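Enquirer: Input upload07.pdb, format and content: PDB, C-alpha atoms.
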```
ATOM      1  CA  MET A 142       3.778   9.703 -17.073
ATOM      2  CA  ALA A 143       0.318   8.526 -17.889
ATOM      3  CA  PRO A 144      -0.987   8.919 -21.403
ATOM      4  CA  ALA A 145      -2.999  12.025 -22.199
ATOM      5  CA  ASN A 146      -6.129   9.857 -22.255
ATOM      6  CA  PRO A 147      -6.643   9.093 -18.536
ATOM      7  CA  ASP A 148      -7.782   5.574 -17.688
ATOM      8  CA  PRO A 149      -8.797   4.551 -14.140
ATOM      9  CA  VAL A 150      -6.146   1.829 -14.336
ATOM     10  CA  PHE A 151      -3.368   4.425 -14.156
ATOM     11  CA  SER A 152      -4.838   5.887 -10.972
ATOM     12  CA  ARG A 153      -5.003   2.392  -9.488
ATOM     13  CA  ILE A 154      -1.337   1.824 -10.265
ATOM     14  CA  ARG A 155      -0.373   5.115  -8.630
ATOM     15  CA  ALA A 156      -2.473   4.376  -5.561
ATOM     16  CA  ALA A 157      -0.952   0.898  -5.177
ATOM     17  CA  ALA A 158       2.579   2.256  -5.670
ATOM     18  CA  ALA A 159       1.955   4.941  -3.026
ATOM     19  CA  ARG A 160       0.984   2.201  -0.532
ATOM     20  CA  GLY A 161       3.923  -0.005  -1.510
ATOM     21  CA  ALA A 162       1.355  -2.574  -2.631
ATOM     22  CA  LEU A 163       1.969  -2.822  -6.381
ATOM     23  CA  SER A 164       1.838  -6.511  -7.291
ATOM     24  CA  HIS A 165       4.982  -8.122  -8.669
ATOM     25  CA  ALA A 166       2.857  -9.745 -11.420
ATOM     26  CA  LEU A 167       0.486  -7.583 -13.469
ATOM     27  CA  LEU A 168      -1.646  -8.484 -16.461
ATOM     28  CA  PHE A 169      -3.020  -5.684 -18.668
ATOM     29  CA  THR A 170      -5.941  -6.741 -20.839
ATOM     30  CA  GLY A 171      -8.551  -5.035 -22.980
ATOM     31  CA  PRO A 172      -8.448  -2.760 -26.024
ATOM     32  CA  GLY A 173      -6.482   0.142 -24.517
ATOM     33  CA  ASP A 174      -2.792   0.951 -24.960
ATOM     34  CA  ARG A 175      -1.421  -2.030 -23.080
ATOM     35  CA  LEU A 176       2.275  -1.371 -23.715
ATOM     36  CA  ALA A 177       1.931   2.235 -22.515
ATOM     37  CA  ALA A 178       0.283   0.913 -19.354
ATOM     38  CA  ALA A 179       3.075  -1.648 -18.930
ATOM     39  CA  ARG A 180       5.726   1.067 -19.186
ATOM     40  CA  PHE A 181       3.760   3.203 -16.726
ATOM     41  CA  ALA A 182       3.798   0.293 -14.264
ATOM     42  CA  ALA A 183       7.529  -0.250 -14.874
ATOM     43  CA  SER A 184       8.087   3.435 -14.113
ATOM     44  CA  ALA A 185       6.115   3.028 -10.880
ATOM     45  CA  PHE A 186       8.414   0.171  -9.855
ATOM     46  CA  GLN A 187      11.574   2.170 -10.609
ATOM     47  CA  CYS A 188      10.524   5.744  -9.747
ATOM     48  CA  VAL A 189      12.659   7.588  -7.193
ATOM     49  CA  GLY A 190      10.301  10.577  -6.956
ATOM     50  CA  PRO A 191       7.878  11.309  -4.077
ATOM     51  CA  GLU A 192       6.279   8.103  -2.787
ATOM     52  CA  ARG A 193       2.761   9.556  -2.945
ATOM     53  CA  ASP A 194       2.996  10.248  -6.688
ATOM     54  CA  ARG A 195       4.845   7.415  -8.382
ATOM     55  CA  PRO A 196       5.609   7.326 -11.209
ATOM     56  CA  CYS A 197       6.471  11.026 -11.191
ATOM     57  CA  GLY A 198       7.487  11.031 -14.866
ATOM     58  CA  VAL A 199      10.401  13.433 -14.351
ATOM     59  CA  CYS A 200      13.007  11.647 -12.217
ATOM     60  CA  PRO A 201      16.009   9.983 -13.931
ATOM     61  CA  ALA A 202      14.505   6.503 -13.496
ATOM     62  CA  CYS A 203      11.159   7.478 -15.064
ATOM     63  CA  ARG A 204      12.894   9.142 -18.005
ATOM     64  CA  LYS A 205      15.015   6.038 -18.618
ATOM     65  CA  VAL A 206      11.978   3.755 -18.591
ATOM     66  CA  ARG A 207      10.124   6.061 -20.980
ATOM     67  CA  GLU A 208      13.114   6.149 -23.357
ATOM     68  CA  ASP A 209      13.568   2.354 -23.054
ATOM     69  CA  ILE A 210      17.119   2.626 -21.688
ATOM     70  CA  HIS A 211      16.661   1.620 -18.038
ATOM     71  CA  PRO A 212      19.118  -1.230 -17.336
ATOM     72  CA  ASP A 213      16.644  -3.006 -15.042
ATOM     73  CA  VAL A 214      13.605  -2.915 -17.349
ATOM     74  CA  SER A 215      13.569  -5.472 -20.170
ATOM     75  CA  THR A 216      11.009  -5.851 -22.959
ATOM     76  CA  VAL A 217      10.869  -9.531 -23.888
ATOM     77  CA  ARG A 218      10.755 -10.101 -27.650
ATOM     78  CA  ASP A 219      11.987 -12.694 -30.130
ATOM     79  CA  GLU A 220      12.511 -11.142 -33.552
ATOM     80  CA  GLU A 221      13.752 -14.411 -35.066
ATOM     81  CA  HIS A 222      10.645 -16.528 -34.489
ATOM     82  CA  LYS A 223       6.898 -16.253 -34.944
ATOM     83  CA  PHE A 224       6.403 -17.180 -31.293
ATOM     84  CA  ILE A 225       8.786 -16.494 -28.432
ATOM     85  CA  ALA A 226      11.215 -19.383 -28.189
ATOM     86  CA  VAL A 227      11.420 -21.136 -24.845
ATOM     87  CA  ASP A 228      15.163 -20.421 -24.768
ATOM     88  CA  VAL A 229      14.345 -16.689 -24.649
ATOM     89  CA  VAL A 230      12.115 -17.268 -21.631
ATOM     90  CA  ARG A 231      14.751 -19.414 -19.967
ATOM     91  CA  GLU A 232      17.205 -16.549 -20.426
ATOM     92  CA  VAL A 233      14.715 -14.280 -18.658
ATOM     93  CA  ARG A 234      14.611 -16.808 -15.801
ATOM     94  CA  ARG A 235      18.414 -16.859 -15.597
ATOM     95  CA  ASP A 236      18.664 -13.062 -15.740
ATOM     96  CA  ALA A 237      15.994 -12.599 -13.053
ATOM     97  CA  TYR A 238      18.319 -14.064 -10.439
ATOM     98  CA  ILE A 239      20.975 -11.431 -11.139
ATOM     99  CA  ARG A 240      20.415  -8.485  -8.818
ATOM    100  CA  PRO A 241      19.327  -5.110 -10.264
ATOM    101  CA  ASN A 242      21.963  -2.728 -11.608
ATOM    102  CA  GLU A 243      20.613   0.568 -10.290
ATOM    103  CA  GLY A 244      16.939   0.183  -9.363
ATOM    104  CA  GLU A 245      15.242  -1.696  -6.549
ATOM    105  CA  ARG A 246      13.476  -4.053  -8.961
ATOM    106  CA  LYS A 247      14.108  -5.936 -12.181
ATOM    107  CA  VAL A 248      11.055  -5.596 -14.400
ATOM    108  CA  TYR A 249      10.206  -7.761 -17.417
ATOM    109  CA  LEU A 250       7.602  -6.562 -19.912
ATOM    110  CA  PHE A 251       5.768  -8.997 -22.194
ATOM    111  CA  PRO A 252       4.017  -6.838 -24.868
ATOM    112  CA  ASP A 253       1.903  -9.656 -26.342
ATOM    113  CA  CYS A 254       1.162 -12.854 -24.446
ATOM    114  CA  ALA A 255      -0.374 -14.346 -27.591
ATOM    115  CA  LEU A 256       3.244 -14.925 -28.663
ATOM    116  CA  LEU A 257       4.011 -17.028 -25.577
ATOM    117  CA  THR A 258       3.665 -20.790 -26.026
ATOM    118  CA  GLU A 259       2.247 -23.048 -23.350
ATOM    119  CA  GLN A 260       5.790 -24.191 -22.567
ATOM    120  CA  ASP A 261       6.920 -20.546 -22.223
ATOM    121  CA  GLN A 262       4.110 -19.816 -19.804
ATOM    122  CA  ASN A 263       4.826 -22.859 -17.669
ATOM    123  CA  VAL A 264       8.446 -21.714 -17.312
ATOM    124  CA  LEU A 265       7.204 -18.250 -16.355
ATOM    125  CA  LEU A 266       4.683 -19.657 -13.883
ATOM    126  CA  LYS A 267       7.434 -21.155 -11.748
ATOM    127  CA  LEU A 268       9.423 -17.924 -11.969
ATOM    128  CA  VAL A 269       6.437 -15.765 -10.975
ATOM    129  CA  GLU A 270       5.708 -18.104  -8.055
ATOM    130  CA  GLU A 271       9.232 -18.692  -6.774
ATOM    131  CA  GLY A 272      11.413 -15.973  -8.296
ATOM    132  CA  PRO A 273      13.498 -13.473  -6.295
ATOM    133  CA  PRO A 274      11.550 -10.793  -4.378
ATOM    134  CA  TYR A 275      12.976  -7.965  -6.479
ATOM    135  CA  ALA A 276      11.700  -9.401  -9.815
ATOM    136  CA  ALA A 277       8.469  -8.047 -11.338
ATOM    137  CA  PHE A 278       6.566  -9.212 -14.413
ATOM    138  CA  VAL A 279       4.169  -7.172 -16.530
ATOM    139  CA  PHE A 280       2.111  -9.105 -19.086
ATOM    140  CA  CYS A 281      -0.051  -7.676 -21.891
ATOM    141  CA  ALA A 282      -2.863  -9.505 -23.683
ATOM    142  CA  GLU A 283      -5.881  -8.101 -25.482
ATOM    143  CA  ASN A 284      -7.789 -11.242 -24.533
ATOM    144  CA  PRO A 285      -7.017 -12.711 -21.083
ATOM    145  CA  ALA A 286      -7.659 -16.188 -22.531
ATOM    146  CA  ALA A 287      -4.228 -15.908 -24.186
ATOM    147  CA  VAL A 288      -2.736 -16.489 -20.727
ATOM    148  CA  LEU A 289      -2.950 -19.891 -19.057
ATOM    149  CA  GLN A 290      -5.306 -19.873 -16.101
ATOM    150  CA  THR A 291      -2.520 -21.088 -13.815
ATOM    151  CA  LEU A 292      -0.375 -18.069 -14.703
ATOM    152  CA  ARG A 293      -3.291 -15.641 -14.843
ATOM    153  CA  SER A 294      -4.337 -16.575 -11.330
ATOM    154  CA  ARG A 295      -0.923 -15.396 -10.048
ATOM    155  CA  CYS A 296      -1.370 -11.945 -11.610
ATOM    156  CA  VAL A 297      -3.412  -8.892 -10.773
ATOM    157  CA  GLU A 298      -5.459  -8.296 -13.925
ATOM    158  CA  LEU A 299      -6.109  -4.689 -14.947
ATOM    159  CA  LYS A 300      -8.528  -4.159 -17.829
ATOM    160  CA  LEU A 301      -7.909  -1.081 -19.952
ATOM    161  CA  GLN A 302     -10.589   1.034 -21.567
ATOM    162  CA  PRO A 303     -10.696   1.641 -25.342
ATOM    163  CA  LYS A 304      -8.469   4.411 -26.633
ATOM    164  CA  ALA A 305     -10.266   7.734 -26.753
ATOM    165  CA  PRO A 306     -10.695   9.351 -30.158
ATOM    166  CA  GLN A 307      -8.082  11.932 -31.106
ATOM    167  CA  GLY A 308      -8.796  15.629 -30.955
ATOM    168  CA  ARG A 309     -10.827  15.781 -27.731
ATOM    169  CA  GLU A 310     -11.724  19.269 -26.547
ATOM    170  CA  GLU A 311      -9.738  18.694 -23.334
ATOM    171  CA  ASP A 312      -6.595  18.056 -25.409
ATOM    172  CA  GLY A 313      -7.026  21.386 -27.179
ATOM    173  CA  GLU A 314      -7.554  23.208 -23.888
ATOM    174  CA  GLY A 315      -4.512  21.487 -22.399
ATOM    175  CA  GLU A 316      -2.454  22.758 -25.327
ATOM    176  CA  ALA A 317      -3.968  26.230 -24.841
ATOM    177  CA  LEU A 318      -2.803  26.185 -21.231
ATOM    178  CA  CYS A 319       0.745  25.366 -22.367
ATOM    179  CA  ARG A 320       0.667  28.196 -24.931
ATOM    180  CA  CYS A 321      -0.504  30.483 -22.154
ATOM    181  CA  LEU A 322       2.675  29.601 -20.268
ATOM    182  CA  LEU A 323       4.748  30.434 -23.336
ATOM    183  CA  ARG A 324       3.313  33.965 -23.508
ATOM    184  CA  ARG A 325       4.533  34.660 -19.946
ATOM    185  CA  LYS A 326       2.132  37.594 -19.836
ATOM    186  CA  ARG A 327       0.868  38.734 -16.469
ATOM    187  CA  GLY A 328      -2.789  37.803 -16.066
ATOM    188  CA  SER A 329      -2.941  35.388 -19.011
ATOM    189  CA  ALA A 330      -3.285  32.319 -16.757
ATOM    190  CA  ALA A 331      -6.126  33.999 -14.858
ATOM    191  CA  GLU A 332      -7.864  34.914 -18.141
ATOM    192  CA  LEU A 333      -7.677  31.312 -19.322
ATOM    193  CA  ALA A 334      -8.981  30.071 -15.967
ATOM    194  CA  VAL A 335     -12.005  32.383 -16.221
ATOM    195  CA  ARG A 336     -12.722  31.218 -19.781
ATOM    196  CA  LEU A 337     -12.506  27.558 -18.762
ATOM    197  CA  GLU A 338     -14.685  28.112 -15.692
ATOM    198  CA  LYS A 339     -17.425  29.545 -17.925
ATOM    199  CA  LYS A 340     -17.469  26.241 -19.801
ATOM    200  CA  LYS A 341     -18.688  24.496 -16.627
ATOM    201  CA  LEU A 342     -16.060  21.744 -16.858
ATOM    202  CA  SER A 343     -16.606  18.629 -14.801
ATOM    203  CA  ARG A 344     -13.819  17.482 -12.472
ATOM    204  CA  GLU A 345     -13.153  14.585 -14.874
ATOM    205  CA  ASN A 346     -12.789  16.933 -17.860
ATOM    206  CA  LEU A 347     -10.553  19.284 -15.910
ATOM    207  CA  SER A 348      -8.386  16.337 -14.853
ATOM    208  CA  ALA A 349      -8.059  15.290 -18.509
ATOM    209  CA  LEU A 350      -7.103  18.848 -19.486
ATOM    210  CA  LEU A 351      -4.406  19.013 -16.807
ATOM    211  CA  GLU A 352      -3.100  15.585 -17.749
ATOM    212  CA  ARG A 353      -2.743  16.705 -21.370
ATOM    213  CA  SER A 354      -0.778  19.764 -20.226
ATOM    214  CA  GLU A 355       1.375  17.576 -17.998
ATOM    215  CA  ALA A 356       2.089  15.230 -20.905
ATOM    216  CA  LEU A 357       3.246  18.097 -23.137
ATOM    217  CA  LEU A 358       5.406  19.617 -20.405
ATOM    218  CA  SER A 359       6.956  16.223 -19.664
ATOM    219  CA  GLN A 360       7.739  15.750 -23.363
ATOM    220  CA  ALA A 361       9.382  19.186 -23.344
ATOM    221  CA  LEU A 362      11.499  18.176 -20.359
ATOM    222  CA  VAL A 363      12.507  14.951 -22.125
ATOM    223  CA  LEU A 364      13.625  17.008 -25.145
ATOM    224  CA  THR A 365      15.796  19.257 -22.982
ATOM    225  CA  TYR A 366      17.671  16.121 -21.893
ATOM    226  CA  GLY A 367      18.167  14.960 -25.486
ATOM    227  CA  GLY A 368      15.220  12.555 -25.646
ATOM    228  CA  THR A 369      12.524  12.325 -28.320
ATOM    229  CA  ALA A 370       8.869  13.393 -28.516
ATOM    230  CA  GLY A 371       6.018  12.014 -30.592
ATOM    231  CA  ASP A 372       5.401  13.759 -33.910
ATOM    232  CA  GLY A 373       2.062  15.129 -32.774
ATOM    233  CA  ASP A 374       3.624  16.777 -29.716
ATOM    234  CA  ARG A 375       6.974  17.819 -31.106
ATOM    235  CA  ALA A 376       6.363  21.420 -32.220
ATOM    236  CA  LEU A 377       4.721  22.610 -29.000
ATOM    237  CA  ALA A 378       7.005  20.491 -26.811
ATOM    238  CA  GLU A 379      10.091  21.920 -28.527
ATOM    239  CA  GLU A 380       8.841  25.467 -28.007
ATOM    240  CA  LEU A 381       8.150  24.785 -24.327
ATOM    241  CA  GLY A 382      11.637  23.285 -23.944
ATOM    242  CA  LYS A 383      13.254  26.358 -25.500
ATOM    243  CA  ARG A 384      11.250  29.038 -23.701
ATOM    244  CA  LEU A 385      11.027  27.549 -20.204
ATOM    245  CA  THR A 386      13.877  26.558 -17.917
ATOM    246  CA  LYS A 387      14.190  23.010 -16.632
ATOM    247  CA  THR A 388      13.283  24.283 -13.165
ATOM    248  CA  GLN A 389      10.113  25.911 -14.514
ATOM    249  CA  LEU A 390       9.179  22.763 -16.433
ATOM    250  CA  VAL A 391       9.629  20.536 -13.386
ATOM    251  CA  ARG A 392       7.697  22.902 -11.112
ATOM    252  CA  THR A 393       4.842  23.257 -13.603
ATOM    253  CA  ILE A 394       4.615  19.477 -14.033
ATOM    254  CA  GLU A 395       4.390  19.193 -10.242
ATOM    255  CA  LEU A 396       1.549  21.747 -10.215
ATOM    256  CA  MET A 397      -0.369  19.820 -12.880
ATOM    257  CA  LYS A 398      -0.015  16.633 -10.830
ATOM    258  CA  GLN A 399      -1.053  18.427  -7.626
ATOM    259  CA  TYR A 400      -4.211  19.904  -9.118
ATOM    260  CA  ARG A 401      -5.123  16.662 -10.901
ATOM    261  CA  ARG A 402      -5.149  15.081  -7.438
ATOM    262  CA  GLU A 403      -7.414  17.914  -6.257
ATOM    263  CA  CYS A 404      -9.837  16.945  -9.024
ATOM    264  CA  GLY A 405     -10.181  13.556  -7.347
ATOM    265  CA  TYR A 406     -11.556  15.184  -4.193
ATOM    266  CA  ASN A 407     -14.849  17.000  -3.733
ATOM    267  CA  VAL A 408     -13.419  20.317  -4.908
ATOM    268  CA  GLY A 409     -15.190  22.407  -7.530
ATOM    269  CA  PRO A 410     -13.384  22.897 -10.874
ATOM    270  CA  GLY A 411     -13.642  26.674 -10.436
ATOM    271  CA  HIS A 412     -11.683  26.552  -7.170
ATOM    272  CA  VAL A 413      -9.049  24.281  -8.734
ATOM    273  CA  LEU A 414      -8.656  26.588 -11.745
ATOM    274  CA  GLY A 415      -8.387  29.694  -9.565
ATOM    275  CA  ALA A 416      -5.747  28.196  -7.292
ATOM    276  CA  LEU A 417      -3.749  26.827 -10.233
ATOM    277  CA  ALA A 418      -3.855  30.171 -12.063
ATOM    278  CA  ALA A 419      -2.579  31.973  -8.952
ATOM    279  CA  GLU A 420       0.382  29.601  -8.624
ATOM    280  CA  LEU A 421       1.211  29.829 -12.337
ATOM    281  CA  GLU A 422       1.140  33.635 -12.150
ATOM    282  CA  GLU A 423       3.676  33.473  -9.288
ATOM    283  CA  LEU A 424       5.876  30.998 -11.158
ATOM    284  CA  PHE A 425       6.006  32.957 -14.414
TER     285      PHE A 425
END
```
Can you dump the structure from the file as C-alpha cells?

Expert:
Amino acid sequence: MAPANPDPVFSRIRAAAARGALSHALLFTGPGDRLAAARFAASAFQCVGPERDRPCGVCPACRKVREDIHPDVSTVRDEEHKFIAVDVVREVRRDAYIRPNEGERKVYLFPDCALLTEQDQNVLLKLVEEGPPYAAFVFCAENPAAVLQTLRSRCVELKLQPKAPQGREEDGEGEALCRCLLRRKRGSAAELAVRLEKKKLSRENLSALLERSEALLSQALVLTYGGTAGDGDRALAEELGKRLTKTQLVRTIELMKQYRRECGYNVGPGHVLGALAAELEELF
C-alpha cells in the first residue's frame, strides 16, 4: 500500500513490477518517506496479488511486509554500533545465498546508507553485482552522495518528493468517503459523488482522495487480522473493521485501486465518481 500522500515514485514502482522489470537494486533518495518507499518496493517484490497491480496491499505477503514479519524481507540495522559493522554486512552476504523461505525473492532494506562505511559498501557492491538472482537490495539515503559512486551506479535511483503537509483537503474527503460506507444508506455514495463533482476536482486530487480512502480501508483490514494501525487512523479504521466484512473491505479496496488507475487516463473526474458511486451502491 502506498502512503496516503501519492508520489510519482510509487506509480513507477507499480508500473515496473507489472512489467516484471523492477530492478534488483533500488536507491531511494530525497526528503520524502524513504523507508515507506522501501517497504512499498519490498511488497512489490513479494506480492502474490494481480500482476498488474503489485503491490496489492491486501495479500498475505503484502500484509507481512507491512507488519515487518515477512521471513524473506530483512531490515539491516546494527543497534550496537554508531555505524553498521562490516560483520553485519558480511552476514547479509552469507544469508543472501540461502534460498527464500516462502517468497520468490530475498529483500534487504538499508534504511540509512549514511550508516554504511566504505568497507561495508564495497562488500555490498560485489554482492549487488554477483549475488544470486533472487536477491534484491533497497537502499535509502537522503543525499545520494552518501553512497559510493561504484555502488550507486549499480542501482536505479528514485528521488522522492517532500512529504505533503498534514490535513490536506483530499485526506478529509477520503475519510468522508469511508464514513459514507459506514452509514450503508442507499444513495449516500451518490450524494457524496455529486458534492465532490461540484468541487471541480482535478484527476490528481481525485486520485489522492481515493488513495486516502484505500489507505484507511487497508488499515481496517490489517486490524481485522490482528495487526496495528497508526494512531491517526485508528479510530476510523477500527470502526470500518467492525462494521464491514473482510469481503467488503477487500472488494472496496479493489474498487479504490481500479478507479485510481482510471484517474491516470483521460477520463473526467465526474465520470470516475459516478461509476465508483454506482459500484459502491451495489456493494453496500

Enquirer: At most 9 Å is the cut-off: for each residue in region 143-256 of chain A with any atom that close to an atom of region 270-288 of chain A, write down the nearest atom pair and the distance in Å rounded to one decimal, counting all atoms listed in the file, chain first then increasing number, as a tab-separated table.

Expert:
```
residue	atom	partner	partner_atom	distance
A:Ser164	CA	A:Ala277	CA	7.9
A:His165	CA	A:Ala277	CA	4.4
A:Ala166	CA	A:Phe278	CA	4.8
A:Leu167	CA	A:Val279	CA	4.8
A:Leu168	CA	A:Phe280	CA	4.6
A:Phe169	CA	A:Cys281	CA	4.8
A:Thr170	CA	A:Glu283	CA	4.8
A:Gly171	CA	A:Glu283	CA	4.8
A:Pro172	CA	A:Glu283	CA	6.0
A:Gly173	CA	A:Glu283	CA	8.3
A:Arg175	CA	A:Cys281	CA	5.9
A:Leu176	CA	A:Cys281	CA	7.0
A:Ala178	CA	A:Cys281	CA	9.0
A:Ala179	CA	A:Val279	CA	6.1
A:Arg180	CA	A:Val279	CA	8.8
A:Ala182	CA	A:Val279	CA	7.8
A:Ala183	CA	A:Val279	CA	7.9
A:Phe186	CA	A:Ala277	CA	8.4
A:Arg234	CA	A:Gly272	CA	8.2
A:Ala237	CA	A:Ala276	CA	6.3
A:Tyr238	CA	A:Pro273	CA	6.4
A:Arg240	CA	A:Tyr275	CA	7.8
A:Pro241	CA	A:Tyr275	CA	7.9
A:Glu245	CA	A:Tyr275	CA	6.7
A:Arg246	CA	A:Tyr275	CA	4.7
A:Lys247	CA	A:Ala276	CA	4.8
A:Val248	CA	A:Ala277	CA	4.7
A:Tyr249	CA	A:Phe278	CA	4.9
A:Leu250	CA	A:Val279	CA	4.9
A:Phe251	CA	A:Phe280	CA	4.8
A:Pro252	CA	A:Cys281	CA	5.1
A:Asp253	CA	A:Cys281	CA	5.2
A:Cys254	CA	A:Ala282	CA	5.3
A:Ala255	CA	A:Ala287	CA	5.4
A:Leu256	CA	A:Ala287	CA	8.8
```

Enquirer: So how many Å separate CA of Gly411 (chain A) and CA of Ala330 (chain A), to one decimal?

Expert: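 If I compute the distance from CA of Gly411 (chain A) to CA of Ala330 (chain A), I get 13.4 Å.
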
Enquirer: Find the distance between CA of Leu289 (chain A) and CA of Arg231 (chain A) and write it in Å to one decimal.

Expert: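 Spanning CA of Leu289 (chain A) to CA of Arg231 (chain A) is a straight-line distance of 17.7 Å.
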
Enquirer: So how many Å separate CA of Ser152 (chain A) and CA of Glu314 (chain A), to one decimal?

Expert: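 One can read the CA of Ser152 (chain A) to CA of Glu314 (chain A) distance as 21.8 Å.
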
Enquirer: Selection in question (the file shown): the PyMOL selection byres ((chain A and resi 206) around 10). Which residues does it include, as a list in words?

Expert: Arg180, Phe181, Ala182, Ala183, Ser184, Ala185, Gln187, Cys188, Gly198, Pro201, Ala202, Cys203, Arg204, Lys205, Arg207, Glu208, Asp209, Ile210, His211, Pro212, Asp213, Val214 and Ser215 of chain A

Enquirer: Which of these residues is nearest to Gly415 (chain A), using all atoms listed in the file: A:Leu301, A:Met397, A:Val335, A:Gly190?

Expert: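 Using all atoms listed in the file, the shortest distance to Gly415 (chain A) belongs to A:Val335.
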
Enquirer: When the PyMOL selection byres ((chain A and resi 337) around 12) is applied to the structure above, which residues does it catch, written out as a ChimeraX atom specification?

Expert: /A:310-311,313-315,317-318,330-336,338-344,346-347,350-351,410-415,418

Enquirer: Mind writing the picked residues with C-alpha atoms as a PDB file, keeping the file's coordinate frame?

Expert:
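Generated file (selection_19.pdb):
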```
ATOM      1  CA  GLU A 310     -11.724  19.269 -26.547  1.00  0.00           C
ATOM      2  CA  GLU A 311      -9.738  18.694 -23.334  1.00  0.00           C
ATOM      3  CA  GLY A 313      -7.026  21.386 -27.179  1.00  0.00           C
ATOM      4  CA  GLU A 314      -7.554  23.208 -23.888  1.00  0.00           C
ATOM      5  CA  GLY A 315      -4.512  21.487 -22.399  1.00  0.00           C
ATOM      6  CA  ALA A 317      -3.968  26.230 -24.841  1.00  0.00           C
ATOM      7  CA  LEU A 318      -2.803  26.185 -21.231  1.00  0.00           C
ATOM      8  CA  ALA A 330      -3.285  32.319 -16.757  1.00  0.00           C
ATOM      9  CA  ALA A 331      -6.126  33.999 -14.858  1.00  0.00           C
ATOM     10  CA  GLU A 332      -7.864  34.914 -18.141  1.00  0.00           C
ATOM     11  CA  LEU A 333      -7.677  31.312 -19.322  1.00  0.00           C
ATOM     12  CA  ALA A 334      -8.981  30.071 -15.967  1.00  0.00           C
ATOM     13  CA  VAL A 335     -12.005  32.383 -16.221  1.00  0.00           C
ATOM     14  CA  ARG A 336     -12.722  31.218 -19.781  1.00  0.00           C
ATOM     15  CA  GLU A 338     -14.685  28.112 -15.692  1.00  0.00           C
ATOM     16  CA  LYS A 339     -17.425  29.545 -17.925  1.00  0.00           C
ATOM     17  CA  LYS A 340     -17.469  26.241 -19.801  1.00  0.00           C
ATOM     18  CA  LYS A 341     -18.688  24.496 -16.627  1.00  0.00           C
ATOM     19  CA  LEU A 342     -16.060  21.744 -16.858  1.00  0.00           C
ATOM     20  CA  SER A 343     -16.606  18.629 -14.801  1.00  0.00           C
ATOM     21  CA  ARG A 344     -13.819  17.482 -12.472  1.00  0.00           C
ATOM     22  CA  ASN A 346     -12.789  16.933 -17.860  1.00  0.00           C
ATOM     23  CA  LEU A 347     -10.553  19.284 -15.910  1.00  0.00           C
ATOM     24  CA  LEU A 350      -7.103  18.848 -19.486  1.00  0.00           C
ATOM     25  CA  LEU A 351      -4.406  19.013 -16.807  1.00  0.00           C
ATOM     26  CA  PRO A 410     -13.384  22.897 -10.874  1.00  0.00           C
ATOM     27  CA  GLY A 411     -13.642  26.674 -10.436  1.00  0.00           C
ATOM     28  CA  HIS A 412     -11.683  26.552  -7.170  1.00  0.00           C
ATOM     29  CA  VAL A 413      -9.049  24.281  -8.734  1.00  0.00           C
ATOM     30  CA  LEU A 414      -8.656  26.588 -11.745  1.00  0.00           C
ATOM     31  CA  GLY A 415      -8.387  29.694  -9.565  1.00  0.00           C
ATOM     32  CA  ALA A 418      -3.855  30.171 -12.063  1.00  0.00           C
TER      33      ALA A 418
END
```

Enquirer: Which residues fall under the PyMOL selection byres ((chain A and resi 264) around 12) in this file, as JSON, numbers by chain?

Expert: {"A": [226, 227, 228, 229, 230, 231, 232, 233, 234, 235, 257, 258, 259, 260, 261, 262, 263, 265, 266, 267, 268, 269, 270, 271, 272, 289, 291, 292]}
